[in-house]
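First the structure, in the form of C-alpha cells, and then the observations on it.
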Amino acid sequence: MPEIAIIGAGIAGLSAALTLQDAGLSCTIYEASNRIGGRMHSDTTTWADGMVSEWCGEFIDSDHKTIQQLVARFGLETADLGQKRKDRTQNVMYLFNRYYEAEELARDFEALASILQPQVQEAGFPTTHTHFTETGYRLDHLSVYDWIEQYIKGGHNVPLGHFLDFACTGYFGLDTPMQSSLNLVYMFGLWTQEEEEDAGPMQGSCKIVGGNEQLPRAIARSLPQESIHLNHQLVAIKRNSNDSITLTFATGNGFLEIHCEHAILTLPFSTLRRVDYRQAGFDALKQTAITQLGYGTISKLILQFDTPYWYQDGPWPRSTNGFIITDLDIQTLWDASLGQTGSSGLLVDYTSGHRGAAYAPPAAYSTTADSESIQVYAQRCLEQLERVFPGISAHYIGRAALSYPTGDPHLLGSYACWLVGQYTSFCGYEGVRQGAIHFAGEHCSVEAQGFMEGGAREGMRAAREIVQDYRQR
C-alpha cells in the first residue's frame, strides 16, 4: 500500500509531494479532475496576439516567497505587471456615477487611518481561535457591512463607504453582511499603516510568462509519472483501529479502496463537505471548520480589445494603472494584458458575492467559441463599461471567456473567506492534523488565505509534519 496519499494535484498537493520527495519519501497523488494544477489554470488558446489569461489564480505578490522560490527552482520566467511606472499610478474609481479621484481617496484614508490603526493594535494580528483580544472578538462578531455603517460617517451613502464595501466584496468574494469585519480591519488597517493608500491589488505583482499553470506542470514532471492518478474522486475516509487510513475513490472503473499510513487532504472544505468522513475520527472543531468555513463566489469575465483603451485620453484619470473599481454590477476590473507581448488589451471583470454567483454558464470554464451566452454576458459588461470608459465598445473584438468556479464540482467556490465570528471560532484550526490525516490548501493558511502562496506554503507544512513523524520513529 502507498505509505503516503495526497488528495488533490493543485499547488498544495504538488508542493507537498515535492517536499516529501526532497526528504526521500515517496507518495501517491489522487486528483478528482482530469488535469493537474487545480486553481493554477491558464487559458492559452482563446486569445488573439498569443495572449494568456488565468481562469483562477493570477497574481504572485512581492511577499509570496514560497511561490517565487518554486518559480526560480524550475527556471520559469515572470513578468512584472508594471505598476511602478510613474505615468500609471492611479486606480480608476467610479462611484455614484462619477470618478472618485485619488486625492479625494487620500483625504478619506487619512480620516480612516485614525479609526483603523487603533483597532488593529487592539485586536492584534492574527486573530485566531486560540489567540484573540476583547477588541478582536468584538470586531469578529461585527460584519463588514455593519462596520462601515458604524464607523464611516454617512455609511454606504458616501464614496468611501461604497469603496470599502466593494473592495471587501471583491477581495474576499462574498457580500459584506456575511464577512467578519476583521477582513476589512486587517486589509485596510495594515495597508494604511504602510502608507499604501494609492496601491492597487496588482502593486508589486507578477505572473509566470506563458501562464501560471506552468508551475504545477513543472513540479509534476519532477515527480514519478506513475505517482499521479487523475479522475480519482475521494468519496470516503476511514481511520482504522491500527491507525492506518482507508480512502475510497470513485473512478471511471468503479470504486477503488486504498490503504495508507498518512493522508494529506488538500481539497477545499467546500468539497470535503461532500465526502463521507464520519469514520475519520475528526474532532468537533475540525468538523465545524469543514462544514462552516465561508467560500467566495467570484467569477472572472475576460474580454479582449484591439487596444488597451483604458490608457487613452478620456474623462477618466489619465495616469491609470489598469485597475478599476466601481459600484456598478461589473464591480472590479483590471488589465490582464500587462506584461504580455502584443498590442491588444485583455480586461478582467471580477465579480463577487451574489453578482459573481449569478452567472449560469453551460460549463465552469467557457468562451465565446463554446457558448453564445458568454457573448451575452460580454455585451452586458460592455454596456456598463461605457459609463466608465465611453467609446470602449468599438474596440471589443468579440472574444470573451468566463470562469465560474462556483459551478466547478471540484471547487464549489473561488477561495476561502472567514464569515462573521469565524476568526475566533476556528481560524487557525483548518490546517491542524487529525492523527495521521493532514490538511493543506489555501484555506488552511492564516496569512495567505485565498492565494496560490497559501496553497504552496500549507502543502509544504503538511508534508513536513509527515517527515518529522518518520524521523521520530
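Numbering starts fresh at 1 for the residues of each chain in the C-alpha cells, the chains themselves are lettered A, B, ... in the order given, and ligands are numbered from 1 as they appear.
With only C-alpha atoms taken into account, the protein and nucleic acid residues at most 7 Å from region 285-299 of chain A (excluding it and anything under 5 positions from it in its own chain) are Phe172, Gly173, Leu174, Phe269, Arg273, Tyr350, Thr351, Ser352, Gly353, Gly356, Ala357, Ser403, Tyr404, Pro405, Thr406, Gly413, Ser414, Tyr415, Ala416, Cys417, Trp418, Leu419, Phe426, Tyr429 and Glu430 of chain A.
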Report as a VMD selection string all protein, DNA and RNA residues lying within 10 Å of Ser244 (chain A), evaluated on only C-alpha atoms, omitting residues in the same chain fewer than 3 positions from it.
chain A and resid 3 238 to 241 259 to 263 435 to 437
Serialized selection, C-alpha atoms, as an mmCIF file, in the first residue's frame:
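Now in out03.cif:
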data_model
loop_
_atom_site.group_PDB
_atom_site.id
_atom_site.type_symbol
_atom_site.label_atom_id
_atom_site.label_comp_id
_atom_site.auth_asym_id
_atom_site.auth_seq_id
_atom_site.Cartn_x
_atom_site.Cartn_y
_atom_site.Cartn_z
ATOM 1 C CA GLU A 3 2.554 4.878 2.743
ATOM 2 C CA LYS A 238 -11.974 5.909 7.412
ATOM 3 C CA ARG A 239 -9.450 5.763 10.245
ATOM 4 C CA ASN A 240 -8.788 2.136 11.142
ATOM 5 C CA SER A 241 -8.141 0.595 14.554
ATOM 6 C CA HIS A 259 -4.915 1.979 2.476
ATOM 7 C CA CYS A 260 -2.155 4.301 3.672
ATOM 8 C CA GLU A 261 -0.258 5.359 6.778
ATOM 9 C CA HIS A 262 -0.662 9.109 6.198
ATOM 10 C CA ALA A 263 -3.024 11.158 4.061
ATOM 11 C CA GLY A 435 -3.944 11.872 13.773
ATOM 12 C CA ALA A 436 -2.343 10.680 10.536
ATOM 13 C CA ILE A 437 -4.733 12.761 8.432
#
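One distance worth recording is that between CA of Phe389 (chain A) and CA of Thr44 (chain A), which is 27.2 Å.
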Pick from A:Ser62, A:Asn97, A:Thr266, A:Ser393 nearest to Gly38 (chain A), counting only C-alpha atoms:
A:Thr266
Helix (DSSP H, G or I) residues, from DSSP on the backbone, in region 12-163 of chain A, as an NGL selection string:
:A and (12-22 or 48-50 or 65-73 or 102-123 or 134-140 or 144-151 or 155-157 or 159-163)
Would you mind telling me which residue in A:Glu122, A:Asp349, A:Asp63, A:Glu149 lies nearest to Ala400 (chain A) when using only C-alpha atoms?
A:Asp349
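CA of Ala17 (chain A) lies 12.4 Å from CA of Arg457 (chain A).
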What's around Ile374 (chain A) at 9 Å? Count only C-alpha atoms, leave out sequence neighbours fewer than 3 positions away in its own chain, and write the answer as a CSV table (one decimal) with C-alpha atoms, in the first residue's frame.
chain,number,residue,atom,x,y,z
A,301,LEU,CA,-15.4,37.5,-17.3
A,361,PRO,CA,-22.9,29.4,-18.0
A,366,SER,CA,-16.3,28.6,-21.2
A,367,THR,CA,-15.6,31.1,-24.0
A,368,THR,CA,-17.5,32.8,-26.8
A,369,ALA,CA,-16.3,30.0,-29.1
A,370,ASP,CA,-18.2,27.5,-26.9
A,371,SER,CA,-21.4,29.3,-26.0
A,377,TYR,CA,-22.5,38.4,-20.7
A,378,ALA,CA,-19.8,40.3,-22.5
A,379,GLN,CA,-22.3,42.7,-24.1
A,400,ALA,CA,-14.6,36.6,-24.2
A,401,ALA,CA,-14.2,33.9,-21.6
A,402,LEU,CA,-16.0,33.2,-18.3
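Taking the backbone of this structure through DSSP, the residues of region 232-273 of chain A that come out as strand (DSSP E) are Gln233, Leu234, Val235, Ala236, Ile237, Lys238, Arg239, Ile245, Thr246, Leu247, Thr248, Phe249, Ala250, Thr251, Gly254, Phe255, Leu256, Glu257, Ile258, His259, Cys260, His262, Ala263, Ile264 and Leu265 of chain A.
The space separating CA of Phe188 (chain A) from CA of Leu160 (chain A) comes to 12.1 Å.
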With a distance cut-off of 12 Å and only C-alpha atoms, select the neighbouring residues of Asn253 (chain A), excluding the residue or stretch itself and same-chain residues fewer than 5 positions from it, and output the selection as a tab-separated table (two decimals) with N, CA and C atoms, in the first residue's frame.
chain	number	residue	atom	x	y	z
A	231	ASN	N	-8.72	11.66	-12.29
A	231	ASN	CA	-10.08	11.10	-12.30
A	231	ASN	C	-10.33	10.13	-11.15
A	232	HIS	N	-9.77	10.47	-9.99
A	232	HIS	CA	-10.00	9.71	-8.76
A	232	HIS	C	-10.62	10.66	-7.75
A	233	GLN	N	-11.93	10.56	-7.58
A	233	GLN	CA	-12.65	11.46	-6.67
A	233	GLN	C	-12.84	10.79	-5.32
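Nearest to Thr128 (chain A) of all the residues A:Ile115, A:Cys427, A:Ile60, A:Ile152 is A:Cys427, counting only C-alpha atoms.
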Pick from A:His438, A:Glu453, A:Gly154, A:Tyr94, whichever lies nearest to Ile466 (chain A) using only C-alpha atoms:
A:His438
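Distances to Ile302 (chain A) were evaluated for A:Gly314, A:Gly459, A:Gly281, A:Gly345 using only C-alpha atoms, and the minimum falls at A:Gly345.
The protein and nucleic acid residues lying at most 6 Å from region 116-121 of chain A are A:Ala113, A:Gly124, A:Gly189, with only C-alpha atoms considered and sequence neighbours fewer than 3 positions away removed.
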Pull C-alpha atoms from the residues just selected and write them as a PDB file, in the first residue's frame.
ATOM      1  CA  ALA A 113      -6.442  55.565   9.496  1.00  0.00           C
ATOM      2  CA  GLY A 124      -3.554  42.292  17.264  1.00  0.00           C
ATOM      3  CA  GLY A 189      -5.644  48.860   8.744  1.00  0.00           C
TER       4      GLY A 189
END
